[in-house]
Structure formats: structure tokens, C-alpha cells
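J.: data.txt is reproduced in full below (compact mmCIF, N, CA and C atoms).
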```txt
# COMPACT_ATOMS: atom_id res chain seq x y z
N MET A 564 -6.74 1.95 -14.18
CA MET A 564 -5.89 2.46 -13.11
C MET A 564 -6.35 1.94 -11.76
N LYS A 565 -7.69 1.88 -11.56
CA LYS A 565 -8.21 1.44 -10.28
C LYS A 565 -7.76 0.01 -9.98
N THR A 566 -7.77 -0.84 -10.99
CA THR A 566 -7.34 -2.22 -10.79
C THR A 566 -5.89 -2.27 -10.34
N LYS A 567 -5.04 -1.44 -10.95
CA LYS A 567 -3.64 -1.42 -10.55
C LYS A 567 -3.49 -0.95 -9.12
N PHE A 568 -4.27 0.06 -8.72
CA PHE A 568 -4.15 0.56 -7.36
C PHE A 568 -4.62 -0.49 -6.37
N VAL A 569 -5.73 -1.14 -6.67
CA VAL A 569 -6.23 -2.20 -5.78
C VAL A 569 -5.20 -3.31 -5.69
N ALA A 570 -4.56 -3.61 -6.81
CA ALA A 570 -3.50 -4.62 -6.79
C ALA A 570 -2.33 -4.16 -5.93
N ALA A 571 -2.01 -2.88 -5.99
CA ALA A 571 -0.93 -2.33 -5.17
C ALA A 571 -1.25 -2.50 -3.70
N ILE A 572 -2.46 -2.17 -3.33
CA ILE A 572 -2.87 -2.30 -1.93
C ILE A 572 -2.83 -3.77 -1.52
N ALA A 573 -3.25 -4.65 -2.41
CA ALA A 573 -3.22 -6.08 -2.10
C ALA A 573 -1.79 -6.56 -1.88
N VAL A 574 -0.87 -6.09 -2.72
CA VAL A 574 0.53 -6.47 -2.57
C VAL A 574 1.07 -5.95 -1.25
N LEU A 575 0.79 -4.70 -0.97
CA LEU A 575 1.27 -4.10 0.27
C LEU A 575 0.67 -4.81 1.48
N ALA A 576 -0.58 -5.15 1.38
CA ALA A 576 -1.23 -5.86 2.48
C ALA A 576 -0.58 -7.22 2.70
N ALA A 577 -0.29 -7.90 1.61
CA ALA A 577 0.35 -9.22 1.73
C ALA A 577 1.73 -9.10 2.36
N LEU A 578 2.44 -8.04 2.00
CA LEU A 578 3.78 -7.85 2.55
C LEU A 578 3.75 -7.58 4.04
N SER A 579 2.77 -6.81 4.46
CA SER A 579 2.77 -6.37 5.85
C SER A 579 1.89 -7.20 6.77
N ALA A 580 1.13 -8.12 6.22
CA ALA A 580 0.16 -8.83 7.04
C ALA A 580 0.47 -10.30 7.24
N GLY A 581 1.66 -10.72 7.03
CA GLY A 581 2.00 -12.14 7.22
C GLY A 581 1.50 -12.71 8.51
N PRO A 582 1.77 -12.08 9.65
CA PRO A 582 1.30 -12.62 10.93
C PRO A 582 -0.22 -12.67 11.03
N ALA A 583 -0.91 -11.70 10.46
CA ALA A 583 -2.38 -11.70 10.53
C ALA A 583 -2.95 -12.89 9.78
N PHE A 584 -2.36 -13.21 8.61
CA PHE A 584 -2.84 -14.35 7.85
C PHE A 584 -2.57 -15.65 8.59
N ALA A 585 -1.46 -15.71 9.28
CA ALA A 585 -1.11 -16.92 10.01
C ALA A 585 -2.12 -17.20 11.11
N GLN A 586 -2.76 -16.16 11.64
CA GLN A 586 -3.73 -16.33 12.72
C GLN A 586 -5.14 -16.54 12.21
N ASP A 587 -5.34 -16.47 10.89
CA ASP A 587 -6.65 -16.65 10.28
C ASP A 587 -7.70 -15.70 10.85
N LYS A 588 -7.31 -14.48 11.14
CA LYS A 588 -8.25 -13.48 11.63
C LYS A 588 -8.84 -12.75 10.44
N PRO A 589 -10.13 -12.44 10.50
CA PRO A 589 -10.70 -11.65 9.41
C PRO A 589 -10.13 -10.23 9.44
N ALA A 590 -10.03 -9.63 8.28
CA ALA A 590 -9.50 -8.27 8.20
C ALA A 590 -10.47 -7.30 8.88
N ALA A 591 -9.92 -6.38 9.64
CA ALA A 591 -10.73 -5.36 10.29
C ALA A 591 -11.25 -4.39 9.25
N LYS A 592 -12.39 -3.79 9.51
CA LYS A 592 -12.93 -2.78 8.61
C LYS A 592 -12.32 -1.44 8.97
N VAL A 593 -12.12 -0.61 7.95
CA VAL A 593 -11.62 0.73 8.16
C VAL A 593 -12.53 1.68 7.39
N GLY A 594 -12.84 2.81 8.00
CA GLY A 594 -13.76 3.76 7.39
C GLY A 594 -13.06 4.91 6.70
N LYS A 595 -13.87 5.70 5.99
CA LYS A 595 -13.34 6.85 5.26
C LYS A 595 -12.63 7.83 6.17
N ALA A 596 -13.19 8.08 7.34
CA ALA A 596 -12.60 9.07 8.26
C ALA A 596 -11.19 8.63 8.68
N GLU A 597 -11.02 7.35 8.96
CA GLU A 597 -9.71 6.85 9.37
C GLU A 597 -8.70 6.93 8.23
N VAL A 598 -9.14 6.59 7.04
CA VAL A 598 -8.25 6.65 5.88
C VAL A 598 -7.90 8.11 5.58
N GLN A 599 -8.88 9.00 5.66
CA GLN A 599 -8.62 10.41 5.40
C GLN A 599 -7.64 10.98 6.43
N LYS A 600 -7.78 10.57 7.68
CA LYS A 600 -6.85 11.02 8.72
C LYS A 600 -5.44 10.54 8.40
N PHE A 601 -5.31 9.31 7.96
CA PHE A 601 -4.01 8.77 7.57
C PHE A 601 -3.42 9.58 6.41
N ILE A 602 -4.23 9.84 5.39
CA ILE A 602 -3.77 10.60 4.23
C ILE A 602 -3.34 12.00 4.64
N ASP A 603 -4.14 12.63 5.48
CA ASP A 603 -3.80 13.98 5.95
C ASP A 603 -2.48 13.98 6.71
N GLY A 604 -2.23 12.94 7.49
CA GLY A 604 -0.97 12.81 8.21
C GLY A 604 0.21 12.65 7.27
N ILE A 605 0.02 11.89 6.21
CA ILE A 605 1.08 11.71 5.21
C ILE A 605 1.34 13.03 4.48
N LYS A 606 0.26 13.71 4.09
CA LYS A 606 0.40 14.98 3.38
C LYS A 606 1.12 16.03 4.23
N ALA A 607 0.93 15.98 5.52
CA ALA A 607 1.52 16.97 6.42
C ALA A 607 3.01 16.74 6.65
N ASP A 608 3.51 15.59 6.26
CA ASP A 608 4.92 15.24 6.49
C ASP A 608 5.57 14.99 5.12
N ASN A 609 6.40 15.92 4.69
CA ASN A 609 7.03 15.80 3.37
C ASN A 609 7.81 14.50 3.21
N ALA A 610 8.48 14.07 4.26
CA ALA A 610 9.25 12.82 4.18
C ALA A 610 8.33 11.62 3.95
N LYS A 611 7.19 11.60 4.64
CA LYS A 611 6.25 10.49 4.46
C LYS A 611 5.57 10.55 3.10
N THR A 612 5.29 11.77 2.62
CA THR A 612 4.71 11.90 1.28
C THR A 612 5.68 11.35 0.24
N THR A 613 6.94 11.71 0.38
CA THR A 613 7.97 11.21 -0.53
C THR A 613 8.06 9.69 -0.44
N GLN A 614 8.01 9.16 0.77
CA GLN A 614 8.09 7.72 0.97
C GLN A 614 6.88 7.00 0.36
N PHE A 615 5.69 7.58 0.54
CA PHE A 615 4.48 6.99 -0.03
C PHE A 615 4.60 6.94 -1.55
N CYS A 616 5.04 8.04 -2.15
CA CYS A 616 5.17 8.08 -3.61
C CYS A 616 6.25 7.12 -4.09
N ALA A 617 7.32 6.99 -3.34
CA ALA A 617 8.36 6.02 -3.69
C ALA A 617 7.79 4.60 -3.66
N LEU A 618 6.94 4.35 -2.69
CA LEU A 618 6.30 3.04 -2.58
C LEU A 618 5.38 2.78 -3.77
N MET A 619 4.67 3.80 -4.21
CA MET A 619 3.80 3.66 -5.38
C MET A 619 4.64 3.38 -6.64
N LYS A 620 5.81 4.01 -6.73
CA LYS A 620 6.72 3.76 -7.85
C LYS A 620 7.24 2.32 -7.81
N LEU A 621 7.59 1.86 -6.62
CA LEU A 621 8.04 0.47 -6.47
C LEU A 621 6.94 -0.50 -6.88
N GLU A 622 5.71 -0.15 -6.54
CA GLU A 622 4.58 -1.01 -6.89
C GLU A 622 4.42 -1.08 -8.40
N ALA A 623 4.57 0.07 -9.07
CA ALA A 623 4.48 0.08 -10.54
C ALA A 623 5.60 -0.75 -11.15
N ASP A 624 6.79 -0.63 -10.59
CA ASP A 624 7.92 -1.43 -11.07
C ASP A 624 7.66 -2.93 -10.83
N SER A 625 7.05 -3.23 -9.70
CA SER A 625 6.72 -4.61 -9.37
C SER A 625 5.70 -5.18 -10.36
N GLN A 626 4.72 -4.37 -10.71
CA GLN A 626 3.71 -4.80 -11.68
C GLN A 626 4.37 -5.08 -13.03
N ALA A 627 5.30 -4.21 -13.43
CA ALA A 627 6.01 -4.42 -14.69
C ALA A 627 6.83 -5.70 -14.65
N ALA A 628 7.49 -5.94 -13.54
CA ALA A 628 8.28 -7.17 -13.39
C ALA A 628 7.38 -8.40 -13.41
N ALA A 629 6.21 -8.29 -12.80
CA ALA A 629 5.26 -9.40 -12.80
C ALA A 629 4.77 -9.68 -14.23
N ASP A 630 4.51 -8.62 -14.96
CA ASP A 630 4.07 -8.79 -16.35
C ASP A 630 5.13 -9.50 -17.19
N LYS A 631 6.40 -9.24 -16.87
CA LYS A 631 7.52 -9.88 -17.58
C LYS A 631 7.91 -11.22 -16.98
N LYS A 632 7.24 -11.57 -15.86
CA LYS A 632 7.53 -12.82 -15.15
C LYS A 632 8.99 -12.88 -14.68
N ASP A 633 9.50 -11.74 -14.22
CA ASP A 633 10.88 -11.62 -13.74
C ASP A 633 10.88 -11.85 -12.22
N GLU A 634 10.99 -13.11 -11.83
CA GLU A 634 10.89 -13.50 -10.42
C GLU A 634 12.00 -12.87 -9.56
N LYS A 635 13.21 -12.81 -10.10
CA LYS A 635 14.31 -12.25 -9.33
C LYS A 635 14.04 -10.77 -9.03
N LYS A 636 13.60 -10.04 -10.02
CA LYS A 636 13.29 -8.61 -9.84
C LYS A 636 12.11 -8.45 -8.88
N LEU A 637 11.12 -9.33 -8.98
CA LEU A 637 9.97 -9.28 -8.08
C LEU A 637 10.39 -9.45 -6.63
N GLU A 638 11.27 -10.41 -6.37
CA GLU A 638 11.75 -10.63 -5.01
C GLU A 638 12.48 -9.40 -4.47
N GLU A 639 13.32 -8.82 -5.31
CA GLU A 639 14.06 -7.61 -4.92
C GLU A 639 13.09 -6.46 -4.62
N LEU A 640 12.13 -6.28 -5.49
CA LEU A 640 11.16 -5.20 -5.30
C LEU A 640 10.27 -5.45 -4.08
N ASP A 641 9.92 -6.70 -3.83
CA ASP A 641 9.12 -7.03 -2.65
C ASP A 641 9.84 -6.61 -1.37
N LYS A 642 11.12 -6.88 -1.31
CA LYS A 642 11.91 -6.49 -0.13
C LYS A 642 11.94 -4.97 0.01
N GLN A 643 12.14 -4.28 -1.09
CA GLN A 643 12.17 -2.82 -1.06
C GLN A 643 10.81 -2.26 -0.64
N MET A 644 9.75 -2.86 -1.15
CA MET A 644 8.40 -2.39 -0.80
C MET A 644 8.11 -2.63 0.68
N GLU A 645 8.55 -3.76 1.18
CA GLU A 645 8.34 -4.07 2.59
C GLU A 645 9.03 -3.03 3.48
N GLU A 646 10.27 -2.70 3.13
CA GLU A 646 11.02 -1.70 3.90
C GLU A 646 10.36 -0.33 3.79
N ALA A 647 9.93 0.02 2.60
CA ALA A 647 9.28 1.32 2.39
C ALA A 647 7.98 1.41 3.17
N ALA A 648 7.22 0.32 3.20
CA ALA A 648 5.94 0.30 3.93
C ALA A 648 6.18 0.47 5.43
N LYS A 649 7.24 -0.13 5.95
CA LYS A 649 7.56 0.01 7.38
C LYS A 649 7.83 1.47 7.74
N LYS A 650 8.45 2.20 6.84
CA LYS A 650 8.78 3.61 7.09
C LYS A 650 7.54 4.48 7.18
N LEU A 651 6.43 4.02 6.63
CA LEU A 651 5.19 4.78 6.71
C LEU A 651 4.47 4.57 8.03
N GLY A 652 4.91 3.61 8.81
CA GLY A 652 4.38 3.42 10.14
C GLY A 652 3.26 2.40 10.25
N PRO A 653 2.85 2.14 11.49
CA PRO A 653 1.85 1.10 11.75
C PRO A 653 0.46 1.45 11.20
N ASP A 654 0.15 2.73 11.06
CA ASP A 654 -1.15 3.10 10.50
C ASP A 654 -1.28 2.64 9.05
N PHE A 655 -0.17 2.70 8.32
CA PHE A 655 -0.19 2.25 6.94
C PHE A 655 -0.49 0.75 6.88
N GLU A 656 0.17 0.00 7.73
CA GLU A 656 -0.08 -1.45 7.78
C GLU A 656 -1.53 -1.73 8.14
N LYS A 657 -2.02 -1.01 9.14
CA LYS A 657 -3.40 -1.21 9.58
C LYS A 657 -4.37 -0.95 8.44
N ILE A 658 -4.16 0.14 7.73
CA ILE A 658 -5.08 0.50 6.65
C ILE A 658 -4.97 -0.46 5.48
N THR A 659 -3.76 -0.81 5.09
CA THR A 659 -3.61 -1.68 3.92
C THR A 659 -4.01 -3.13 4.20
N THR A 660 -4.11 -3.50 5.46
CA THR A 660 -4.56 -4.86 5.78
C THR A 660 -6.02 -4.90 6.18
N SER A 661 -6.69 -3.77 6.09
CA SER A 661 -8.08 -3.68 6.48
C SER A 661 -9.01 -3.88 5.30
N ASP A 662 -10.22 -4.25 5.62
CA ASP A 662 -11.28 -4.36 4.63
C ASP A 662 -11.85 -2.96 4.44
N MET A 663 -11.94 -2.50 3.21
CA MET A 663 -12.53 -1.19 2.97
C MET A 663 -13.42 -1.22 1.74
N ASP A 664 -14.45 -0.39 1.78
CA ASP A 664 -15.34 -0.34 0.62
C ASP A 664 -14.69 0.43 -0.51
N GLU A 665 -15.32 0.42 -1.66
CA GLU A 665 -14.75 1.03 -2.85
C GLU A 665 -14.52 2.54 -2.67
N GLY A 666 -15.45 3.21 -2.02
CA GLY A 666 -15.30 4.64 -1.79
C GLY A 666 -14.11 4.97 -0.91
N THR A 667 -13.92 4.16 0.10
CA THR A 667 -12.78 4.37 1.01
C THR A 667 -11.47 4.09 0.28
N ALA A 668 -11.43 3.02 -0.48
CA ALA A 668 -10.23 2.70 -1.26
C ALA A 668 -9.97 3.81 -2.28
N GLY A 669 -11.04 4.43 -2.76
CA GLY A 669 -10.90 5.53 -3.71
C GLY A 669 -10.12 6.70 -3.15
N LEU A 670 -10.23 6.92 -1.84
CA LEU A 670 -9.46 7.99 -1.21
C LEU A 670 -7.96 7.75 -1.38
N LEU A 671 -7.55 6.52 -1.13
CA LEU A 671 -6.14 6.17 -1.31
C LEU A 671 -5.73 6.25 -2.77
N GLU A 672 -6.62 5.82 -3.64
CA GLU A 672 -6.33 5.87 -5.07
C GLU A 672 -6.11 7.30 -5.54
N GLU A 673 -6.98 8.19 -5.11
CA GLU A 673 -6.85 9.61 -5.49
C GLU A 673 -5.55 10.20 -4.94
N PHE A 674 -5.21 9.84 -3.72
CA PHE A 674 -3.96 10.33 -3.13
C PHE A 674 -2.78 9.79 -3.92
N ALA A 675 -2.82 8.53 -4.30
CA ALA A 675 -1.73 7.94 -5.07
C ALA A 675 -1.54 8.64 -6.42
N LYS A 676 -2.62 9.14 -6.99
CA LYS A 676 -2.53 9.85 -8.27
C LYS A 676 -1.74 11.14 -8.16
N THR A 677 -1.59 11.68 -6.96
CA THR A 677 -0.83 12.92 -6.78
C THR A 677 0.67 12.69 -6.86
N CYS A 678 1.08 11.44 -6.80
CA CYS A 678 2.52 11.11 -6.90
C CYS A 678 2.97 11.27 -8.34
N LYS A 679 4.15 11.82 -8.50
CA LYS A 679 4.68 12.03 -9.85
C LYS A 679 5.87 11.15 -10.10
```
Please re-express this file's structure in C-alpha cells.
T.:
Amino acid sequence: MKTKFVAAIAVLAALSAGPAFAQDKPAAKVGKAEVQKFIDGIKADNAKTTQFCALMKLEADSQAAADKKDEKKLEELDKQMEEAAKKLGPDFEKITTSDMDEGTAGLLEEFAKTCK
């Protein structure tokens, strides 16, 4: 499961970080406190919680499409994921494009497990 979640974060980071990669800047580090604050903000807003979980579902669908090598479906899901990520706001982009240690990433992984 952890590998899938890390892959999800990598996909989301790639979707939202195009300009950062173009500038060849190293990813900023993000700490547990910042990630926990982000998670708490999402939890406090039912619409954002729903959006986060929808994004996790899209990521799972994307992984399934990748396993089947369905490029057309992958492109469609990538667009949907990009739009869903934008709705979570700039903090989501900042966190998903940041360098984080395993423990910090674990916070996001645990939160993602709450999605049904």
C-alpha cells in the first residue's frame, strides 16, 4: 500500500509541478508539522475532504489504467487529477512537490487510508 501511496504523491507532484521542473529547482523540504496542519485543514472542511478522497480514487483508477497500459484512459484521468488537485489549493501543490521523509509521508498515507 505504501508504494501505491508514494506513487500517488509522485503522480500528483508531476501534475502540479511542471513549472518547478522546468526551472530545475530542488524540491523544498516539508516537515511533519506543516503536513499535519494541511491534513487538519482538509479534515475541517468536508468539501476538501471529499475532494481529497476523490483524488485518491482517481489515483487508484490511474494505477489500474497504467497496469493495463491504457494510455487514453491515463490521459483522461491525468486531466481529472490535475483539476481535482487544483481544488485542494496551493498548499496541496506545495506539499506534494516537496521533499519529505518517510515519517512525514506516512501522515499523508494514513490520512488517505481514511477515504472510502
J.: Just the number, please: distance in Å from atom CA of Gln614 of chain A to atom C of Lys595 of chain A, one decimal.
T.: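 About the pair atom CA of Gln614 of chain A and atom C of Lys595 of chain A: they are 21.4 Å apart.
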J.: Between A:Glu656, A:Glu646, A:Glu634, A:Glu639, which has the minimum distance to Phe601 of chain A (counting only C-alpha atoms)?
T.: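 Ranking A:Glu656, A:Glu646, A:Glu634, A:Glu639 by distance to Phe601 of chain A, first place goes to A:Glu656.
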J.: Would you be able to write out as an MDAnalysis selection string which residues have an atom within 10 Å of (6.8, 6.8, -2.4) in the file's coordinates, counting only C-alpha atoms?
T.: chainID A and resid 610:622 644 647:648 651 675 678:679
J.: Quick one, how far is atom N of Val593 of chain A from atom N of Ser661 of chain A?
T.: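 Atom N of Val593 of chain A sits 6.6 Å away from atom N of Ser661 of chain A.
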J.: Just to confirm, what's the straight-line distance from atom N of Phe655 of chain A to atom C of Asn609 of chain A in Å (one decimal)?
T.: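 Calculated distance between atom N of Phe655 of chain A and atom C of Asn609 of chain A is 15.1 Å.
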J.: Run DSSP on the backbone and give me the residues of segment 616-679 of chain A it puts in alpha helix (DSSP H), as an NGL selection string.
T.: :A and (616-630 or 634-650 or 653-659 or 665-676)
J.: Please give the centre and size of the box around segment 620-636 of chain A (axis-aligned, containing every atom listed in the file, 3 Å added per side), with values in Å to one decimal and written as JSON.
T.:
```
{"center_x": 9.0, "center_y": -4.7, "center_z": -12.0, "size_x": 16.6, "size_y": 23.5, "size_z": 17.1}
```
